[in-house]
Every structure is written in structure tokens, then in C-alpha cells.
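Reproduced below: upload.csv, with CSV, C-alpha atoms.
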```csv
chain,number,residue,atom,x,y,z
W,16,MET,CA,-2.4,7.6,21.2
W,17,ASN,CA,-5.6,8.7,19.5
W,18,GLU,CA,-4.3,7.4,16.1
W,19,VAL,CA,-3.5,4.0,17.6
W,20,SER,CA,-6.9,3.8,19.3
W,21,SER,CA,-8.6,4.7,16.1
W,22,SER,CA,-6.8,2.0,14.2
W,23,ARG,CA,-7.7,-0.5,16.8
W,24,ARG,CA,-11.4,0.5,16.6
W,25,ASN,CA,-11.3,0.2,12.8
W,26,LEU,CA,-9.6,-3.2,13.0
W,27,LEU,CA,-12.3,-4.4,15.5
W,28,LYS,CA,-15.0,-3.1,13.3
W,29,SER,CA,-13.5,-4.9,10.2
W,30,SER,CA,-13.2,-8.1,12.2
W,31,LEU,CA,-16.8,-7.9,13.3
W,32,VAL,CA,-18.0,-7.4,9.7
W,33,ALA,CA,-15.9,-10.2,8.5
W,34,GLY,CA,-17.1,-12.5,11.3
W,35,ALA,CA,-20.7,-11.7,10.4
W,36,GLY,CA,-19.9,-12.5,6.8
W,37,LEU,CA,-18.3,-15.8,7.7
W,38,ALA,CA,-21.3,-16.6,10.0
W,39,ALA,CA,-23.7,-15.9,7.2
W,40,PHE,CA,-21.6,-18.0,4.8
W,41,GLY,CA,-21.6,-20.9,7.3
W,42,ALA,CA,-25.3,-20.6,7.8
W,43,GLY,CA,-25.9,-20.6,4.1
W,44,ARG,CA,-23.7,-23.6,3.6
W,45,ALA,CA,-25.5,-25.5,6.4
W,46,ALA,CA,-28.8,-24.6,4.8
W,47,ALA,CA,-27.6,-25.8,1.4
W,48,GLN,CA,-26.4,-29.1,3.0
W,49,ASP,CA,-29.8,-29.5,4.8
W,50,ALA,CA,-31.6,-28.9,1.5
W,51,ALA,CA,-29.4,-31.5,-0.2
W,52,THR,CA,-30.6,-34.1,2.2
W,53,GLU,CA,-34.2,-33.5,1.3
W,54,GLY,CA,-36.2,-34.7,-1.7
W,55,PRO,CA,-35.6,-37.6,-4.1
W,56,LEU,CA,-32.1,-38.8,-5.1
W,57,ARG,CA,-30.7,-37.4,-8.3
W,58,GLY,CA,-30.6,-40.7,-10.0
W,59,ASN,CA,-27.1,-40.2,-11.7
W,60,LEU,CA,-25.9,-43.3,-9.8
W,61,ARG,CA,-27.6,-46.4,-8.7
W,62,HIS,CA,-27.1,-46.9,-4.9
W,63,SER,CA,-26.9,-50.1,-2.9
W,64,VAL,CA,-25.7,-51.2,0.6
W,65,ALA,CA,-23.8,-54.3,1.6
W,66,ARG,CA,-25.8,-56.7,3.7
W,67,TRP,CA,-23.0,-57.8,6.0
W,68,THR,CA,-22.0,-54.4,7.2
W,69,PHE,CA,-25.5,-53.9,8.6
W,70,LYS,CA,-25.8,-57.3,10.2
W,71,ASP,CA,-27.4,-56.0,13.4
W,72,LEU,CA,-30.5,-55.3,11.2
W,73,SER,CA,-32.7,-58.1,9.9
W,74,VAL,CA,-33.0,-58.3,6.1
W,75,GLU,CA,-36.6,-57.0,6.6
W,76,GLN,CA,-35.4,-54.0,8.6
W,77,LEU,CA,-32.6,-53.2,6.1
W,78,CYS,CA,-35.1,-53.4,3.2
W,79,ALA,CA,-37.3,-50.9,5.0
W,80,ALA,CA,-34.4,-48.5,5.6
W,81,VAL,CA,-33.3,-48.7,2.0
W,82,LYS,CA,-36.8,-47.8,0.8
W,83,ASP,CA,-37.1,-45.0,3.3
W,84,ILE,CA,-33.8,-43.4,2.1
W,85,GLY,CA,-35.0,-43.7,-1.5
W,86,PHE,CA,-32.9,-46.4,-3.2
W,87,SER,CA,-33.7,-50.0,-4.0
W,88,ALA,CA,-30.8,-52.4,-3.8
W,89,ILE,CA,-28.9,-54.5,-1.3
W,90,ASP,CA,-25.4,-56.0,-2.0
W,91,LEU,CA,-24.0,-59.5,-1.2
W,92,VAL,CA,-27.2,-61.3,-0.6
W,93,GLY,CA,-27.6,-65.0,-1.2
W,94,PRO,CA,-30.6,-67.1,-2.4
W,95,GLU,CA,-32.0,-67.6,1.1
W,96,ASP,CA,-32.8,-63.9,1.3
W,97,TRP,CA,-33.9,-63.2,-2.2
W,98,PRO,CA,-37.6,-63.8,-1.5
W,99,THR,CA,-37.5,-61.1,1.2
W,100,LEU,CA,-35.9,-58.7,-1.2
W,101,LYS,CA,-38.5,-59.5,-3.8
W,102,ALA,CA,-41.3,-58.9,-1.4
W,103,HIS,CA,-40.0,-55.4,-0.8
W,104,GLY,CA,-39.2,-54.6,-4.4
W,105,ILE,CA,-35.5,-54.5,-3.6
W,106,ASP,CA,-32.8,-55.6,-6.1
W,107,SER,CA,-30.0,-58.0,-5.3
W,108,SER,CA,-27.3,-55.8,-6.8
W,109,MET,CA,-24.4,-58.3,-6.2
W,110,CYS,CA,-25.3,-61.9,-5.5
W,111,ASN,CA,-23.0,-64.2,-3.5
W,112,GLY,CA,-23.0,-67.8,-2.2
W,113,ALA,CA,-21.1,-69.6,-5.1
W,114,GLU,CA,-17.7,-68.9,-3.7
W,115,ILE,CA,-15.7,-71.4,-1.5
W,116,SER,CA,-14.1,-68.6,0.4
W,117,LEU,CA,-12.1,-65.4,-0.2
W,118,GLU,CA,-8.9,-67.4,0.2
W,119,GLU,CA,-9.8,-70.3,-2.2
W,120,GLY,CA,-10.4,-68.8,-5.6
W,121,PHE,CA,-9.8,-69.1,-9.3
W,122,ALA,CA,-6.1,-68.4,-9.2
W,123,ALA,CA,-5.5,-71.9,-7.8
W,124,THR,CA,-6.2,-74.8,-10.1
W,125,GLU,CA,-6.9,-77.2,-7.3
W,126,PHE,CA,-10.2,-75.4,-6.7
W,127,HIS,CA,-11.3,-75.2,-10.3
W,128,ASP,CA,-13.5,-78.3,-10.4
W,129,GLU,CA,-15.4,-77.4,-7.3
W,130,LEU,CA,-15.7,-73.7,-8.3
W,131,VAL,CA,-17.0,-74.7,-11.8
W,132,GLU,CA,-19.6,-76.9,-10.2
W,133,ARG,CA,-20.7,-74.3,-7.7
W,134,TYR,CA,-20.7,-71.4,-10.1
W,135,THR,CA,-22.5,-73.2,-12.8
W,136,ARG,CA,-25.3,-74.0,-10.4
W,137,HIS,CA,-25.3,-70.5,-8.9
W,138,ILE,CA,-25.4,-68.8,-12.3
W,139,ASP,CA,-28.7,-70.6,-13.0
W,140,LEU,CA,-30.0,-69.5,-9.6
W,141,VAL,CA,-29.1,-65.8,-10.3
W,142,ALA,CA,-30.5,-65.8,-13.8
W,143,ASP,CA,-33.7,-67.6,-12.8
W,144,ALA,CA,-34.2,-65.0,-10.0
W,145,GLY,CA,-33.8,-62.2,-12.6
W,146,TYR,CA,-30.5,-60.9,-11.2
W,147,ARG,CA,-27.3,-60.1,-13.0
W,148,ASN,CA,-24.2,-59.8,-10.9
W,149,LEU,CA,-22.4,-62.7,-9.1
W,150,ILE,CA,-19.2,-62.1,-7.1
W,151,CYS,CA,-16.1,-64.2,-7.4
W,152,PHE,CA,-12.6,-64.1,-5.9
W,153,SER,CA,-9.0,-64.7,-7.0
W,154,GLY,CA,-8.1,-66.4,-3.7
W,155,ASN,CA,-4.7,-66.2,-2.0
W,156,ARG,CA,-1.4,-66.4,-3.8
W,157,ASN,CA,0.3,-68.9,-1.4
W,158,GLY,CA,3.7,-68.2,-2.9
W,159,MET,CA,2.4,-68.3,-6.5
W,160,ASP,CA,3.9,-66.0,-9.1
W,161,PRO,CA,1.2,-63.4,-10.1
W,162,GLU,CA,1.6,-64.3,-13.7
W,163,ASP,CA,0.8,-68.0,-13.0
W,164,GLY,CA,-2.2,-66.8,-11.0
W,165,LEU,CA,-3.4,-64.8,-14.0
W,166,LYS,CA,-3.1,-67.9,-16.3
W,167,ASN,CA,-4.9,-70.1,-13.8
W,168,ALA,CA,-7.7,-67.7,-13.2
W,169,GLU,CA,-8.2,-67.2,-17.0
W,170,THR,CA,-8.4,-71.0,-17.5
W,171,GLY,CA,-10.8,-71.5,-14.6
W,172,LEU,CA,-13.1,-68.6,-15.5
W,173,LYS,CA,-13.3,-69.6,-19.2
W,174,ARG,CA,-14.8,-72.9,-18.1
W,175,ILE,CA,-17.9,-71.1,-16.8
W,176,LEU,CA,-18.1,-67.8,-18.8
W,177,GLY,CA,-19.9,-69.4,-21.7
W,178,HIS,CA,-22.7,-70.4,-19.4
W,179,ALA,CA,-22.7,-67.0,-17.8
W,180,GLU,CA,-23.0,-65.3,-21.2
W,181,ASP,CA,-25.9,-67.6,-22.2
W,182,ARG,CA,-27.7,-66.8,-19.0
W,183,GLY,CA,-27.0,-63.1,-19.0
W,184,VAL,CA,-25.0,-63.2,-15.7
W,185,THR,CA,-21.8,-61.1,-15.1
W,186,LEU,CA,-19.1,-62.6,-12.9
W,187,VAL,CA,-17.4,-59.8,-10.9
W,188,MET,CA,-14.1,-60.4,-9.2
W,189,GLU,CA,-13.4,-58.2,-6.2
W,190,LEU,CA,-10.2,-56.2,-5.7
W,191,LEU,CA,-9.2,-56.5,-2.0
W,192,ASN,CA,-6.3,-55.1,0.0
W,193,SER,CA,-3.7,-57.6,1.2
W,194,LYS,CA,-2.1,-55.0,3.5
W,195,VAL,CA,-4.7,-54.7,6.3
W,196,ASN,CA,-7.8,-56.9,5.8
W,197,HIS,CA,-6.9,-59.8,3.5
W,198,PRO,CA,-3.3,-60.9,3.8
W,199,ASP,CA,-1.9,-62.8,0.8
W,200,TYR,CA,-5.0,-62.1,-1.4
W,201,LEU,CA,-3.8,-62.1,-5.1
W,202,CYS,CA,-6.2,-59.7,-6.8
W,203,ASP,CA,-5.0,-56.8,-4.7
W,204,HIS,CA,-4.1,-54.3,-7.4
W,205,SER,CA,-6.2,-52.9,-10.2
W,206,ALA,CA,-3.5,-53.6,-12.8
W,207,TRP,CA,-3.7,-57.4,-12.1
W,208,GLY,CA,-7.4,-57.4,-12.3
W,209,VAL,CA,-7.5,-55.3,-15.5
W,210,ASP,CA,-5.0,-57.7,-17.1
W,211,LEU,CA,-7.3,-60.6,-16.2
W,212,CYS,CA,-10.2,-58.8,-17.8
W,213,LYS,CA,-8.3,-58.4,-21.0
W,214,ARG,CA,-7.2,-62.0,-21.1
W,215,VAL,CA,-10.7,-63.3,-20.4
W,216,GLY,CA,-12.2,-61.0,-23.0
W,217,SER,CA,-15.8,-61.3,-22.1
W,218,GLN,CA,-18.4,-58.6,-21.5
W,219,ASN,CA,-19.7,-60.9,-18.7
W,220,PHE,CA,-16.6,-60.6,-16.6
W,221,GLY,CA,-15.6,-57.5,-14.8
W,222,LEU,CA,-14.1,-56.1,-11.6
W,223,LEU,CA,-15.6,-54.9,-8.3
W,224,TYR,CA,-13.5,-51.8,-7.7
W,225,ASP,CA,-13.5,-51.4,-4.0
W,226,ILE,CA,-12.5,-47.9,-3.3
W,227,TYR,CA,-11.5,-48.5,0.3
W,228,HIS,CA,-9.3,-51.5,-0.6
W,229,MET,CA,-7.6,-49.8,-3.5
W,230,GLN,CA,-7.0,-46.6,-1.6
W,231,ILE,CA,-5.0,-48.7,0.9
W,232,MET,CA,-3.1,-50.6,-1.8
W,233,GLU,CA,-2.4,-48.0,-4.5
W,234,GLY,CA,-4.3,-44.7,-4.1
W,235,ASP,CA,-4.8,-42.6,-7.3
W,236,ILE,CA,-8.5,-43.5,-7.2
W,237,ILE,CA,-10.0,-41.0,-9.7
W,238,ALA,CA,-7.2,-41.4,-12.3
W,239,THR,CA,-7.6,-45.2,-12.1
W,240,ILE,CA,-11.3,-45.0,-12.6
W,241,ARG,CA,-11.0,-42.7,-15.6
W,242,GLU,CA,-8.4,-44.9,-17.2
W,243,ASN,CA,-10.0,-48.3,-16.5
W,244,HIS,CA,-13.7,-47.7,-16.0
W,245,GLN,CA,-14.6,-50.1,-18.8
W,246,TYR,CA,-13.4,-53.0,-16.6
W,247,PHE,CA,-15.2,-51.9,-13.5
W,248,ALA,CA,-18.6,-53.5,-13.2
W,249,HIS,CA,-19.4,-52.5,-9.6
W,250,TYR,CA,-18.1,-50.2,-6.9
W,251,HIS,CA,-17.9,-50.4,-3.1
W,252,THR,CA,-17.2,-47.6,-0.6
W,253,ALA,CA,-15.9,-47.3,3.0
W,254,GLY,CA,-13.8,-44.7,4.9
W,255,VAL,CA,-10.0,-44.9,5.1
W,256,PRO,CA,-8.6,-45.7,7.6
W,257,GLY,CA,-10.9,-47.9,9.6
W,258,ARG,CA,-13.6,-48.9,7.1
W,259,HIS,CA,-16.2,-46.8,8.9
W,260,GLU,CA,-18.4,-43.9,7.7
W,261,ILE,CA,-17.4,-42.0,4.5
W,262,GLY,CA,-17.8,-38.5,5.9
W,263,ASP,CA,-15.2,-35.8,6.3
W,264,ASP,CA,-13.3,-37.4,9.1
W,265,GLN,CA,-11.6,-39.9,6.7
W,266,GLU,CA,-9.2,-39.3,3.8
W,267,LEU,CA,-11.3,-40.0,0.7
W,268,ASN,CA,-13.3,-37.4,-1.1
W,269,TYR,CA,-16.3,-39.4,-2.1
W,270,PRO,CA,-18.4,-36.7,-3.8
W,271,ALA,CA,-15.4,-36.1,-6.2
W,272,ILE,CA,-14.9,-39.8,-6.7
W,273,CYS,CA,-18.6,-40.3,-7.5
W,274,ARG,CA,-18.6,-37.4,-9.9
W,275,ALA,CA,-15.7,-39.1,-11.7
W,276,ILE,CA,-17.7,-42.3,-11.9
W,277,VAL,CA,-20.7,-40.5,-13.3
W,278,GLU,CA,-18.6,-38.9,-15.9
W,279,THR,CA,-17.6,-42.3,-17.2
W,280,GLY,CA,-21.2,-43.1,-18.0
W,281,PHE,CA,-21.3,-45.9,-15.5
W,282,GLY,CA,-24.7,-47.6,-15.3
W,283,GLY,CA,-24.1,-50.2,-12.5
W,284,TYR,CA,-24.3,-49.9,-8.8
W,285,ILE,CA,-22.1,-48.2,-6.1
W,286,ALA,CA,-22.7,-50.0,-2.8
W,287,GLN,CA,-21.9,-48.6,0.7
W,288,GLU,CA,-19.8,-51.2,2.5
W,289,PHE,CA,-18.6,-49.2,5.5
W,290,LYS,CA,-19.1,-50.6,9.0
W,291,PRO,CA,-21.2,-48.1,10.9
W,292,GLU,CA,-19.6,-46.6,14.0
W,293,ALA,CA,-22.1,-43.9,14.9
W,294,PRO,CA,-25.0,-44.7,17.3
W,295,ASP,CA,-27.6,-44.5,14.5
W,296,PRO,CA,-26.4,-46.7,11.6
W,297,ILE,CA,-29.4,-45.8,9.4
W,298,ALA,CA,-28.5,-42.1,9.7
W,299,SER,CA,-25.0,-43.0,8.7
W,300,LEU,CA,-26.3,-44.9,5.6
W,301,ARG,CA,-28.6,-42.0,4.7
W,302,GLU,CA,-25.7,-39.5,4.9
W,303,ALA,CA,-23.4,-41.8,2.9
W,304,VAL,CA,-25.9,-42.2,0.1
W,305,ARG,CA,-26.5,-38.5,0.0
W,306,LEU,CA,-22.7,-37.8,-0.2
W,307,CYS,CA,-22.5,-40.1,-3.2
W,308,ASP,CA,-25.6,-38.8,-4.8
W,309,VAL,CA,-23.9,-36.4,-7.2
```
Represent the supplied structure as C-alpha cells.
Amino acid sequence: MNEVSSSRRNLLKSSLVAGAGLAAFGAGRAAAQDAATEGPLRGNLRHSVARWTFKDLSVEQLCAAVKDIGFSAIDLVGPEDWPTLKAHGIDSSMCNGAEISLEEGFAATEFHDELVERYTRHIDLVADAGYRNLICFSGNRNGMDPEDGLKNAETGLKRILGHAEDRGVTLVMELLNSKVNHPDYLCDHSAWGVDLCKRVGSQNFGLLYDIYHMQIMEGDIIATIRENHQYFAHYHTAGVPGRHEIGDDQELNYPAICRAIVETGFGGYIAQEFKPEAPDPIASLREAVRLCDV
């Protein structure tokens, strides 16, 4: 009886010591996390945020939030808002406004003439404003063989890439998922987009590797980045599933992904494109940028 009681006392004592150790570890980890949210960003990645996912804020308000967090770019902004960005010293890291729609893109020849006209004009607007990146889309497949879509997209893009090269503008085609958000979109796997890059053969054409979309379609995010990073001109983030905040309640490990991006020597932008679900969207943006600031 005495031996059992003694064992129980020893076990309780060990548990209390271990608990205290865990508590100290937890407190130390929390302190380290708090410290990581203070001070300037590391600067290993260039951060941005998509305009459309923070549409409840005016462009002025979003510019102010971006500057307060400590970075200096907003994604997917058209010419009408460029003067506001310039007034705040904010870069337009990915310009838009030349596209017809996400569904009507370069993979379909019937849209080529209109796309060439629109993109030729917009390339000049982007270059004259001092920006570099202009988004484009494959459009939907509409029963098309993916190989035919590749040939069509190559033909259409080559009609404007000479002008883009002359003006120093990079056309960036976004990879989107066709499973959840964009049914029938053609450029829905990295392999298709990489093949297009190889066929086009221009330093002024690349892919927007949307981590959220590609997690849904194919996974294997870090390995894909390491293998194909030379074709990825831009990155987007969002949590999977749901396209909300990128913290630890979703399945992607963004610090690890961002470390892999840094290791490739990437010099472009990674833009937060999650739809805030928390009550304070700016706090969500601040946390997301810090998570990616590796």
C-alpha cells in the first residue's frame, strides 16, 4: 500500500514538472510568435494583396493598410485606380483590365482579334504607367482538345508578345481550378501551362501559380515549385478548403511553401488572395503576410 502510494506521488510529481515544462515551452513559443509579428518584414519575398478580396475597403483604405503592415503592392488593379496607388507609393504588382473574361481567352481562336486589340492597347497603358505584369487567361475548353487549346493559345499570344517585349511588359496566365471555382477552365494544371510557356518561348510570358487553385487540382505544391519555378512569374495564396485565411485551420503549410519559393531565388510578388472571414480583415492580412515572411 505504501509502495503504491509512493509511486502515485512520484508520478504526480513528474506530471507536474512535465506540465510546467510544457507551459514554459508554450509561453516561449507564444513569445517568439509575438516577436515575429513586430518589426520590419524580412524582405526575402515581395508581398502584395489582391484588390478584389478586400472589396469592402476603398482603394485608399487598402493602400493605407498595406503601408501600415509594411509592404507596398496591390494586385489586380486596373488603370482607373493606378493614380490612387501612385499617390500612396504603392505598386500595381499585377495589372488587369485587358481580358474579355476568365471564360473567353487565348485558347479559343474566335477571341483572338479582340484580345489582340485589347492587349496591345493595355500593354501600352501598363508600360506608360511604369508597371510590368499584365494578367491573361486561357478561357474555357468548351469541348476542345487540350492540345488544340495549346496551339491556339500559342498562336494568339505570339501576336502580341513582340509588342510586350518591346515595352517591357510580362503577360502572366493564371492557373485556376476547374473543380470548384471555374468549371471548364482550360489552364487548370501546371503541366499544361508549363507546356505553353515552352512553346511560346518568351521571357515576357509566364504563369501565375495560384497555390490555392493548384492544391485543389493537383497538390504536390512544393515539388512543383522546385521543378517549374522558372515558368512561375507570380504567386497567389488562399486557404484550402474555402479560400479563406491561410492560418493553421486549413491544409496548406504556407511558411514551408514560401521557404521553397525563396530557395528558388524568386524575385517577383506573392499576393494574398484569400477572402477574409474573420471580423477584422486587416488583422487577417497582417497575419497572412507575416506567415509568408520567411
Tell me which of W:Arg274, W:His204, W:His103, W:Lys82 sits closest to Gln230 in chain W, counting all atoms listed in the file.
W:His204
Could you please determine the separation between CA of Ala65 in chain W and CA of Pro161 in chain W in Å, to one decimal place?
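Between CA of Ala65 in chain W and CA of Pro161 in chain W the gap works out to 29.1 Å.
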My list of candidates is W:His127, W:Lys194, W:Arg156, W:Arg258. Which is closest to Ile226 in chain W when distances are computed with all atoms listed in the file?
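Once distances to Ile226 in chain W are computed over all atoms listed in the file, the minimum belongs to W:Arg258.
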Extract, using all atoms listed in the file, all DNA, RNA and protein residues at most 12 Å from Gly283 in chain W, discarding same-chain residues fewer than 2 positions from it, and format them as a PyMOL selection string.
chain W and resi 58-63+88+108-109+147-148+185+187+221-224+244-251+276-277+279-281+285-286
Counting only C-alpha atoms, what is within 12 Å of Glu132 in chain W, bar same-chain residues fewer than 2 positions away, as a count of residues only?
19
CA of Pro98 in chain W to CA of Leu300 in chain W: how many Å, to one decimal?
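CA of Pro98 in chain W sits 23.1 Å away from CA of Leu300 in chain W.
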Give me, as a list of chain:residue names, all polymer residues having an atom no more than 12 Å from Gly145 in chain W, counting all atoms listed in the file and skipping those fewer than 3 positions away in the same chain.
W:Pro94, W:Trp97, W:Pro98, W:Lys101, W:Ile105, W:Asp106, W:Ser107, W:Ser108, W:Cys110, W:Ile138, W:Asp139, W:Leu140, W:Val141, W:Ala142, W:Asn148, W:Leu149, W:Arg182, W:Gly183, W:Val184
Please tell me which residues are no farther than 12 Å from (-26.4, -48.6, 11.7) in the file, counting all atoms listed in the file, and write them as a PyMOL selection string.
chain W and resi 64-73+76-77+80-81+259-260+287-303
Using all atoms listed in the file, find all polymer residues with an atom at most 10 Å away from the point (-9.0, -51.0, -0.1); report them as an MDAnalysis selection string.
chainID W and resid 190:197 203:204 224:234 251:256 258
Would you write out those residues with C-alpha atoms, as a PDB file, in the coordinates of the input?
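Output contents, as saved in result.pdb:
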```pdb
ATOM      1  CA  LEU W 190     -10.200 -56.200  -5.700  1.00  0.00           C
ATOM      2  CA  LEU W 191      -9.200 -56.500  -2.000  1.00  0.00           C
ATOM      3  CA  ASN W 192      -6.300 -55.100   0.000  1.00  0.00           C
ATOM      4  CA  SER W 193      -3.700 -57.600   1.200  1.00  0.00           C
ATOM      5  CA  LYS W 194      -2.100 -55.000   3.500  1.00  0.00           C
ATOM      6  CA  VAL W 195      -4.700 -54.700   6.300  1.00  0.00           C
ATOM      7  CA  ASN W 196      -7.800 -56.900   5.800  1.00  0.00           C
ATOM      8  CA  HIS W 197      -6.900 -59.800   3.500  1.00  0.00           C
ATOM      9  CA  ASP W 203      -5.000 -56.800  -4.700  1.00  0.00           C
ATOM     10  CA  HIS W 204      -4.100 -54.300  -7.400  1.00  0.00           C
ATOM     11  CA  TYR W 224     -13.500 -51.800  -7.700  1.00  0.00           C
ATOM     12  CA  ASP W 225     -13.500 -51.400  -4.000  1.00  0.00           C
ATOM     13  CA  ILE W 226     -12.500 -47.900  -3.300  1.00  0.00           C
ATOM     14  CA  TYR W 227     -11.500 -48.500   0.300  1.00  0.00           C
ATOM     15  CA  HIS W 228      -9.300 -51.500  -0.600  1.00  0.00           C
ATOM     16  CA  MET W 229      -7.600 -49.800  -3.500  1.00  0.00           C
ATOM     17  CA  GLN W 230      -7.000 -46.600  -1.600  1.00  0.00           C
ATOM     18  CA  ILE W 231      -5.000 -48.700   0.900  1.00  0.00           C
ATOM     19  CA  MET W 232      -3.100 -50.600  -1.800  1.00  0.00           C
ATOM     20  CA  GLU W 233      -2.400 -48.000  -4.500  1.00  0.00           C
ATOM     21  CA  GLY W 234      -4.300 -44.700  -4.100  1.00  0.00           C
ATOM     22  CA  HIS W 251     -17.900 -50.400  -3.100  1.00  0.00           C
ATOM     23  CA  THR W 252     -17.200 -47.600  -0.600  1.00  0.00           C
ATOM     24  CA  ALA W 253     -15.900 -47.300   3.000  1.00  0.00           C
ATOM     25  CA  GLY W 254     -13.800 -44.700   4.900  1.00  0.00           C
ATOM     26  CA  VAL W 255     -10.000 -44.900   5.100  1.00  0.00           C
ATOM     27  CA  PRO W 256      -8.600 -45.700   7.600  1.00  0.00           C
ATOM     28  CA  ARG W 258     -13.600 -48.900   7.100  1.00  0.00           C
TER      29      ARG W 258
END
```
CA of Gly154 in chain W and CA of Glu119 in chain W, how far apart in Å?
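Going from CA of Glu119 in chain W over to CA of Gly154 in chain W covers 4.5 Å.
Residues in contact with range 268-272 of chain W at up to 7 Å, not including ones fewer than 2 positions away on its chain and judged by only C-alpha atoms, are Ile237, Glu266, Arg274, Ala275, Ile276, Leu306, Cys307 and Val309 of chain W.
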Where atoms are absent from range 231-252 of chain W, fill them in so it carries N, CA and C atoms, then output it as an mmCIF file, in the frame of the given file.
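part32.cif written:
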```
data_model
loop_
_atom_site.group_PDB
_atom_site.id
_atom_site.type_symbol
_atom_site.label_atom_id
_atom_site.label_comp_id
_atom_site.auth_asym_id
_atom_site.auth_seq_id
_atom_site.Cartn_x
_atom_site.Cartn_y
_atom_site.Cartn_z
ATOM 1 N N ILE W 231 -6.032 -48.160 0.016
ATOM 2 C CA ILE W 231 -5.000 -48.700 0.900
ATOM 3 C C ILE W 231 -3.831 -49.268 0.059
ATOM 4 N N MET W 232 -4.140 -49.918 -1.061
ATOM 5 C CA MET W 232 -3.100 -50.600 -1.800
ATOM 6 C C MET W 232 -2.361 -49.677 -2.806
ATOM 7 N N GLU W 233 -3.071 -48.733 -3.429
ATOM 8 C CA GLU W 233 -2.400 -48.000 -4.500
ATOM 9 C C GLU W 233 -2.813 -46.530 -4.630
ATOM 10 N N GLY W 234 -3.906 -46.098 -4.012
ATOM 11 C CA GLY W 234 -4.300 -44.700 -4.100
ATOM 12 C C GLY W 234 -4.680 -44.355 -5.578
ATOM 13 N N ASP W 235 -4.587 -43.054 -5.906
ATOM 14 C CA ASP W 235 -4.800 -42.600 -7.300
ATOM 15 C C ASP W 235 -6.167 -43.036 -7.802
ATOM 16 N N ILE W 236 -7.177 -42.914 -6.958
ATOM 17 C CA ILE W 236 -8.500 -43.500 -7.200
ATOM 18 C C ILE W 236 -9.146 -42.921 -8.474
ATOM 19 N N ILE W 237 -9.256 -41.615 -8.555
ATOM 20 C CA ILE W 237 -10.000 -41.000 -9.700
ATOM 21 C C ILE W 237 -9.286 -41.261 -10.995
ATOM 22 N N ALA W 238 -7.968 -41.147 -11.039
ATOM 23 C CA ALA W 238 -7.200 -41.400 -12.300
ATOM 24 C C ALA W 238 -7.411 -42.860 -12.714
ATOM 25 N N THR W 239 -7.402 -43.773 -11.746
ATOM 26 C CA THR W 239 -7.600 -45.200 -12.100
ATOM 27 C C THR W 239 -8.971 -45.449 -12.638
ATOM 28 N N ILE W 240 -9.977 -44.831 -12.053
ATOM 29 C CA ILE W 240 -11.300 -45.000 -12.600
ATOM 30 C C ILE W 240 -11.454 -44.445 -13.969
ATOM 31 N N ARG W 241 -10.900 -43.288 -14.210
ATOM 32 C CA ARG W 241 -11.000 -42.700 -15.600
ATOM 33 C C ARG W 241 -10.278 -43.553 -16.598
ATOM 34 N N GLU W 242 -9.181 -44.173 -16.216
ATOM 35 C CA GLU W 242 -8.400 -44.900 -17.200
ATOM 36 C C GLU W 242 -8.957 -46.344 -17.411
ATOM 37 N N ASN W 243 -9.581 -46.929 -16.393
ATOM 38 C CA ASN W 243 -10.000 -48.300 -16.500
ATOM 39 C C ASN W 243 -11.436 -48.615 -16.250
ATOM 40 N N HIS W 244 -12.272 -47.598 -16.322
ATOM 41 C CA HIS W 244 -13.700 -47.700 -16.000
ATOM 42 C C HIS W 244 -14.402 -48.821 -16.761
ATOM 43 N N GLN W 245 -13.949 -49.095 -17.967
ATOM 44 C CA GLN W 245 -14.600 -50.100 -18.800
ATOM 45 C C GLN W 245 -14.521 -51.495 -18.210
ATOM 46 N N TYR W 246 -13.587 -51.686 -17.279
ATOM 47 C CA TYR W 246 -13.400 -53.000 -16.600
ATOM 48 C C TYR W 246 -14.085 -53.074 -15.281
ATOM 49 N N PHE W 247 -14.608 -51.959 -14.802
ATOM 50 C CA PHE W 247 -15.200 -51.900 -13.500
ATOM 51 C C PHE W 247 -16.710 -52.060 -13.565
ATOM 52 N N ALA W 248 -17.201 -53.192 -13.110
ATOM 53 C CA ALA W 248 -18.600 -53.500 -13.200
ATOM 54 C C ALA W 248 -19.410 -53.092 -11.977
ATOM 55 N N HIS W 249 -18.705 -52.737 -10.901
ATOM 56 C CA HIS W 249 -19.400 -52.500 -9.600
ATOM 57 C C HIS W 249 -18.398 -51.735 -8.736
ATOM 58 N N TYR W 250 -18.925 -50.953 -7.795
ATOM 59 C CA TYR W 250 -18.100 -50.200 -6.900
ATOM 60 C C TYR W 250 -18.546 -50.422 -5.426
ATOM 61 N N HIS W 251 -17.583 -50.411 -4.503
ATOM 62 C CA HIS W 251 -17.900 -50.400 -3.100
ATOM 63 C C HIS W 251 -17.197 -49.219 -2.414
ATOM 64 N N THR W 252 -17.783 -48.760 -1.325
ATOM 65 C CA THR W 252 -17.200 -47.600 -0.600
ATOM 66 C C THR W 252 -16.906 -48.038 0.864
#
```
